[in-house]
Amino acid sequence: MHLPGPDVADASAPRPDVADASAPRPDVADASAPSPDVADEHRYPRVTSFRTRRTALSAAQQATWERLWPEIGMHARDGGRPVPQLDTEAWFGRSAPVVLEIGCGAGTSTLAMAKAEPHLDVVAVEVYRRGLAQLLSGIDREHVTNIRLVRGDGVDVLQHMFGPDSLTGVRVFFPDPWPKARHHKRRLLQPATVALIADRLRPGGVLHAATDHAGYAEHITEVGDAEPRLRRISPTDSLPISVERPVTKYEGKAQHAGSAVAELLWERV
């Protein structure tokens, strides 16, 4: 792993960037009826960093969703309104450091890293139902107990579901780089979002971003370094969370195409 570098996802394929999350009570209605693969983005007037996508679940994925989502999943919004602050101790059934992953995609990294760190509780946020369904299937197959899922916009989750100094880590792997200049305003890691992340991290907490897009890596580096509550750190430093990621198939494709992956790390001071 190396420091400044791009985003994690196939540079040629659309990548979900942010996710939305819901209230202290899981939304069960979504399990019983098919729904669009993107959480009602028309409800959120701000510029978002994800693309609309609609895909159906397989019969097996739907069955797993109906069985597990009411217990370990929730939505970031309830009837269009943000849900109240999350009680992670009640949801996980224990007191443990919490890591928030924004834009978990299909959850390959989420699952592997949670298995390697059973002492941490991981809240994985994703907009797309298909990705969450794939992660649910992995959780079921691997019998992983320290992951919870939130469907929705990651900024919503940061704003409403977590309070100041509540997170030990925030992970943002391969957010959509929105490479065209006119779309840069849609990028997730803007100064306001990074400031919000810094506020939610406890002292010593870690922001870990990764990207395979050189331009976005430069942007993230500038924004992170400009945030006064964050200090750049190295993967070799003593950290409260692991920064070792598995290489996903999308990242492998990007590397094969010659795209370097940048690992960007900051600590809340």
# chains A, B, ... in the order shown; residues from 1 in each chain; ligands from 1
call {"tool": "residues_around", "arguments": {"residues": "Ile233 of chain A", "least_positions_apart": "5", "cutoff": "9 Å", "atoms": "only C-alpha atoms", "output": "ChimeraX atom specification"}}
result
/A:3,206,264-267
call {"tool": "write_last_selection", "arguments": {"atoms": "N, CA, C and O atoms", "output": "PDB file, in the first residue's frame"}}
result
ATOM      1  N   LEU A   3       0.767   5.811  -0.063  1.00  0.00           N
ATOM      2  CA  LEU A   3      -0.089   6.927   0.280  1.00  0.00           C
ATOM      3  C   LEU A   3      -0.718   7.534  -0.967  1.00  0.00           C
ATOM      4  O   LEU A   3      -1.227   6.810  -1.774  1.00  0.00           O
ATOM      5  N   VAL A 206      -9.325   7.235  12.533  1.00  0.00           N
ATOM      6  CA  VAL A 206      -8.646   7.233  11.239  1.00  0.00           C
ATOM      7  C   VAL A 206      -9.636   7.389  10.087  1.00  0.00           C
ATOM      8  O   VAL A 206     -10.681   6.713  10.048  1.00  0.00           O
ATOM      9  N   LEU A 264      -4.864   6.785   1.172  1.00  0.00           N
ATOM     10  CA  LEU A 264      -4.772   8.086   1.820  1.00  0.00           C
ATOM     11  C   LEU A 264      -5.267   7.965   3.249  1.00  0.00           C
ATOM     12  O   LEU A 264      -6.395   7.533   3.488  1.00  0.00           O
ATOM     13  N   LEU A 265      -4.425   8.351   4.203  1.00  0.00           N
ATOM     14  CA  LEU A 265      -4.721   8.136   5.619  1.00  0.00           C
ATOM     15  C   LEU A 265      -4.525   9.411   6.420  1.00  0.00           C
ATOM     16  O   LEU A 265      -3.499  10.093   6.286  1.00  0.00           O
ATOM     17  N   TRP A 266      -5.517   9.698   7.266  1.00  0.00           N
ATOM     18  CA  TRP A 266      -5.397  10.805   8.214  1.00  0.00           C
ATOM     19  C   TRP A 266      -5.879  10.351   9.589  1.00  0.00           C
ATOM     20  O   TRP A 266      -6.728   9.463   9.705  1.00  0.00           O
ATOM     21  N   GLU A 267      -5.354  11.005  10.603  1.00  0.00           N
ATOM     22  CA  GLU A 267      -5.741  10.740  11.987  1.00  0.00           C
ATOM     23  C   GLU A 267      -6.400  11.996  12.548  1.00  0.00           C
ATOM     24  O   GLU A 267      -5.941  13.114  12.296  1.00  0.00           O
TER      25      GLU A 267
END
call {"tool": "select_by_dssp", "arguments": {"residues": "segment 75-189 of chain A", "states": "alpha helix (DSSP H)", "output": "PyMOL selection string"}}
result
chain A and resi 88-92+108-116+129-142+154-156
call {"tool": "write_last_selection", "arguments": {"atoms": "N, CA and C atoms", "output": "compact mmCIF listing (two decimals), in the first residue's frame"}}
result
# COMPACT_ATOMS: atom_id res chain seq x y z
N THR A 88 -25.55 2.16 18.51
CA THR A 88 -24.79 1.02 18.01
C THR A 88 -24.69 -0.10 19.06
N GLU A 89 -24.63 0.26 20.32
CA GLU A 89 -24.53 -0.78 21.35
C GLU A 89 -25.78 -1.66 21.35
N ALA A 90 -26.95 -1.05 21.19
CA ALA A 90 -28.18 -1.83 21.15
C ALA A 90 -28.25 -2.66 19.86
N TRP A 91 -27.80 -2.09 18.75
CA TRP A 91 -27.91 -2.77 17.47
C TRP A 91 -26.96 -3.97 17.38
N PHE A 92 -25.73 -3.78 17.86
CA PHE A 92 -24.76 -4.87 17.81
C PHE A 92 -24.83 -5.78 19.04
N THR A 108 -16.97 -6.79 -0.68
CA THR A 108 -15.82 -7.69 -0.64
C THR A 108 -14.83 -7.27 0.44
N SER A 109 -14.45 -5.99 0.43
CA SER A 109 -13.52 -5.49 1.45
C SER A 109 -14.17 -5.47 2.82
N THR A 110 -15.42 -5.07 2.87
CA THR A 110 -16.15 -4.99 4.14
C THR A 110 -16.11 -6.32 4.88
N LEU A 111 -16.45 -7.37 4.17
CA LEU A 111 -16.55 -8.70 4.76
C LEU A 111 -15.18 -9.19 5.23
N ALA A 112 -14.17 -9.05 4.38
CA ALA A 112 -12.84 -9.55 4.73
C ALA A 112 -12.25 -8.79 5.91
N MET A 113 -12.41 -7.47 5.91
CA MET A 113 -11.82 -6.67 6.98
C MET A 113 -12.56 -6.88 8.30
N ALA A 114 -13.89 -7.04 8.25
CA ALA A 114 -14.65 -7.30 9.47
C ALA A 114 -14.27 -8.65 10.07
N LYS A 115 -14.06 -9.65 9.22
CA LYS A 115 -13.65 -10.96 9.72
C LYS A 115 -12.28 -10.89 10.38
N ALA A 116 -11.40 -10.05 9.83
CA ALA A 116 -10.05 -9.93 10.38
C ALA A 116 -10.01 -9.10 11.67
N ARG A 129 -29.25 -1.39 -3.63
CA ARG A 129 -29.79 -2.57 -2.96
C ARG A 129 -29.07 -3.85 -3.39
N ARG A 130 -28.69 -3.92 -4.67
CA ARG A 130 -28.03 -5.12 -5.16
C ARG A 130 -26.70 -5.35 -4.42
N GLY A 131 -25.92 -4.30 -4.22
CA GLY A 131 -24.66 -4.44 -3.49
C GLY A 131 -24.89 -4.89 -2.06
N LEU A 132 -25.88 -4.29 -1.39
CA LEU A 132 -26.20 -4.68 -0.02
C LEU A 132 -26.67 -6.14 0.05
N ALA A 133 -27.43 -6.57 -0.97
CA ALA A 133 -27.89 -7.95 -1.00
C ALA A 133 -26.72 -8.92 -1.14
N GLN A 134 -25.72 -8.54 -1.95
CA GLN A 134 -24.54 -9.38 -2.10
C GLN A 134 -23.77 -9.47 -0.78
N LEU A 135 -23.66 -8.34 -0.09
CA LEU A 135 -22.98 -8.35 1.20
C LEU A 135 -23.76 -9.16 2.22
N LEU A 136 -25.08 -9.04 2.22
CA LEU A 136 -25.91 -9.85 3.12
C LEU A 136 -25.67 -11.34 2.90
N SER A 137 -25.58 -11.74 1.65
CA SER A 137 -25.33 -13.14 1.34
C SER A 137 -23.97 -13.58 1.88
N GLY A 138 -22.97 -12.71 1.76
CA GLY A 138 -21.65 -13.03 2.29
C GLY A 138 -21.64 -13.13 3.81
N ILE A 139 -22.35 -12.22 4.46
CA ILE A 139 -22.47 -12.25 5.92
C ILE A 139 -23.11 -13.57 6.37
N ASP A 140 -24.15 -13.97 5.65
CA ASP A 140 -24.86 -15.21 5.97
C ASP A 140 -23.95 -16.43 5.74
N ARG A 141 -23.27 -16.42 4.63
CA ARG A 141 -22.41 -17.56 4.27
C ARG A 141 -21.23 -17.70 5.22
N GLU A 142 -20.62 -16.57 5.59
CA GLU A 142 -19.40 -16.58 6.41
C GLU A 142 -19.70 -16.51 7.91
N GLY A 154 -24.36 8.47 2.35
CA GLY A 154 -23.37 8.49 3.42
C GLY A 154 -23.31 9.79 4.19
N VAL A 155 -23.56 10.92 3.52
CA VAL A 155 -23.54 12.20 4.22
C VAL A 155 -24.72 12.29 5.18
N ASP A 156 -25.87 11.78 4.75
CA ASP A 156 -27.03 11.69 5.65
C ASP A 156 -26.67 10.90 6.90
call {"tool": "closest_residue", "arguments": {"among": "A:His75, A:Arg187, A:Lys253, A:Arg202", "to": "Ile220 of chain A", "atoms": "only C-alpha atoms"}}
result
A:Arg187
call {"tool": "select_by_dssp", "arguments": {"residues": "segment 55-112 of chain A", "states": "strand (DSSP E or B)", "output": "ChimeraX atom specification"}}
result
/A:73-75,77-78,81-82,98-102
call {"tool": "write_last_selection", "arguments": {"atoms": "N, CA and C atoms", "output": "PDB file, in the first residue's frame"}}
result
ATOM      1  N   GLY A  73     -30.228  -4.690   8.962  1.00  0.00           N
ATOM      2  CA  GLY A  73     -30.253  -3.598   8.000  1.00  0.00           C
ATOM      3  C   GLY A  73     -31.266  -2.537   8.372  1.00  0.00           C
ATOM      4  N   MET A  74     -31.029  -1.315   7.903  1.00  0.00           N
ATOM      5  CA  MET A  74     -31.984  -0.234   8.084  1.00  0.00           C
ATOM      6  C   MET A  74     -31.755   0.822   7.013  1.00  0.00           C
ATOM      7  N   HIS A  75     -32.680   1.739   6.905  1.00  0.00           N
ATOM      8  CA  HIS A  75     -32.573   2.839   5.957  1.00  0.00           C
ATOM      9  C   HIS A  75     -32.175   4.122   6.681  1.00  0.00           C
ATOM     10  N   ARG A  77     -33.237   7.015   5.965  1.00  0.00           N
ATOM     11  CA  ARG A  77     -34.392   7.910   6.048  1.00  0.00           C
ATOM     12  C   ARG A  77     -35.659   7.100   6.238  1.00  0.00           C
ATOM     13  N   ASP A  78     -36.579   7.692   6.974  1.00  0.00           N
ATOM     14  CA  ASP A  78     -37.862   7.059   7.255  1.00  0.00           C
ATOM     15  C   ASP A  78     -38.949   8.021   6.798  1.00  0.00           C
ATOM     16  N   ARG A  81     -37.641  11.514   6.056  1.00  0.00           N
ATOM     17  CA  ARG A  81     -36.981  12.241   7.135  1.00  0.00           C
ATOM     18  C   ARG A  81     -35.767  11.462   7.640  1.00  0.00           C
ATOM     19  N   PRO A  82     -34.680  12.159   7.983  1.00  0.00           N
ATOM     20  CA  PRO A  82     -33.515  11.450   8.527  1.00  0.00           C
ATOM     21  C   PRO A  82     -33.876  10.736   9.815  1.00  0.00           C
ATOM     22  N   VAL A  98     -16.469   1.583  16.685  1.00  0.00           N
ATOM     23  CA  VAL A  98     -17.289   1.522  15.480  1.00  0.00           C
ATOM     24  C   VAL A  98     -16.539   2.115  14.292  1.00  0.00           C
ATOM     25  N   VAL A  99     -16.585   1.392  13.184  1.00  0.00           N
ATOM     26  CA  VAL A  99     -16.020   1.856  11.916  1.00  0.00           C
ATOM     27  C   VAL A  99     -17.164   2.028  10.932  1.00  0.00           C
ATOM     28  N   LEU A 100     -17.193   3.169  10.251  1.00  0.00           N
ATOM     29  CA  LEU A 100     -18.203   3.440   9.229  1.00  0.00           C
ATOM     30  C   LEU A 100     -17.550   3.321   7.860  1.00  0.00           C
ATOM     31  N   GLU A 101     -18.122   2.484   6.993  1.00  0.00           N
ATOM     32  CA  GLU A 101     -17.647   2.389   5.613  1.00  0.00           C
ATOM     33  C   GLU A 101     -18.699   2.985   4.696  1.00  0.00           C
ATOM     34  N   ILE A 102     -18.314   4.009   3.950  1.00  0.00           N
ATOM     35  CA  ILE A 102     -19.236   4.692   3.053  1.00  0.00           C
ATOM     36  C   ILE A 102     -19.024   4.181   1.638  1.00  0.00           C
TER      37      ILE A 102
END
call {"tool": "atom_distance", "arguments": {"atom1": "atom CA of His208 of chain A", "atom2": "atom CA of Trp65 of chain A"}}
result
28.9 Å
call {"tool": "closest_residue", "arguments": {"among": "A:Asp165, A:Glu222, A:Glu126, A:Glu117", "to": "Ser242 of chain A", "atoms": "only C-alpha atoms"}}
result
A:Glu117
call {"tool": "residues_around", "arguments": {"residues": "Leu230 of chain A", "least_positions_apart": "3", "cutoff": "8 Å", "atoms": "only C-alpha atoms", "output": "number ranges by chain"}}
result
A: 198, 224-225, 227, 266-269
call {"tool": "write_last_selection", "arguments": {"atoms": "N, CA, C and O atoms", "output": "compact mmCIF listing (two decimals), in the first residue's frame"}}
result
# COMPACT_ATOMS: atom_id res chain seq x y z
N ALA A 198 -14.24 14.49 10.12
CA ALA A 198 -13.32 14.83 11.21
C ALA A 198 -14.08 15.05 12.51
O ALA A 198 -13.61 14.66 13.58
N GLY A 224 -8.02 16.71 2.44
CA GLY A 224 -7.67 16.12 3.73
C GLY A 224 -6.59 16.91 4.45
O GLY A 224 -6.67 17.14 5.66
N ASP A 225 -5.57 17.31 3.71
CA ASP A 225 -4.47 18.06 4.33
C ASP A 225 -4.92 19.44 4.80
O ASP A 225 -4.31 20.02 5.71
N GLU A 227 -7.84 20.12 6.17
CA GLU A 227 -8.72 20.02 7.34
C GLU A 227 -7.88 20.09 8.61
O GLU A 227 -7.05 19.21 8.87
N TRP A 266 -5.52 9.70 7.27
CA TRP A 266 -5.40 10.81 8.21
C TRP A 266 -5.88 10.35 9.59
O TRP A 266 -6.73 9.46 9.71
N GLU A 267 -5.35 11.00 10.60
CA GLU A 267 -5.74 10.74 11.99
C GLU A 267 -6.40 12.00 12.55
O GLU A 267 -5.94 13.11 12.30
N ARG A 268 -7.47 11.81 13.31
CA ARG A 268 -8.10 12.95 14.01
C ARG A 268 -7.21 13.35 15.16
O ARG A 268 -6.85 12.54 16.02
N VAL A 269 -6.81 14.62 15.20
CA VAL A 269 -5.91 15.10 16.24
C VAL A 269 -6.71 15.72 17.38
O VAL A 269 -7.90 16.02 17.23
call {"tool": "closest_residue", "arguments": {"among": "A:Leu188, A:Val261, A:Ala226, A:Val122", "to": "Ile147 of chain A", "atoms": "only C-alpha atoms"}}
result
A:Val122
call {"tool": "atom_distance", "arguments": {"atom1": "atom CA of Pro179 of chain A", "atom2": "atom CA of Gly105 of chain A"}}
result
19.4 Å
call {"tool": "atom_distance", "arguments": {"atom1": "atom CA of Thr236 of chain A", "atom2": "atom CA of Ala192 of chain A"}}
result
28.1 Å
call {"tool": "closest_residue", "arguments": {"among": "A:His160, A:Arg151, A:His219, A:Arg229", "to": "Lys185 of chain A", "atoms": "only C-alpha atoms"}}
result
A:His219
call {"tool": "closest_residue", "arguments": {"among": "A:Gln62, A:Ser259, A:Asn146, A:Gln85", "to": "Gly215 of chain A", "atoms": "only C-alpha atoms"}}
result
A:Ser259
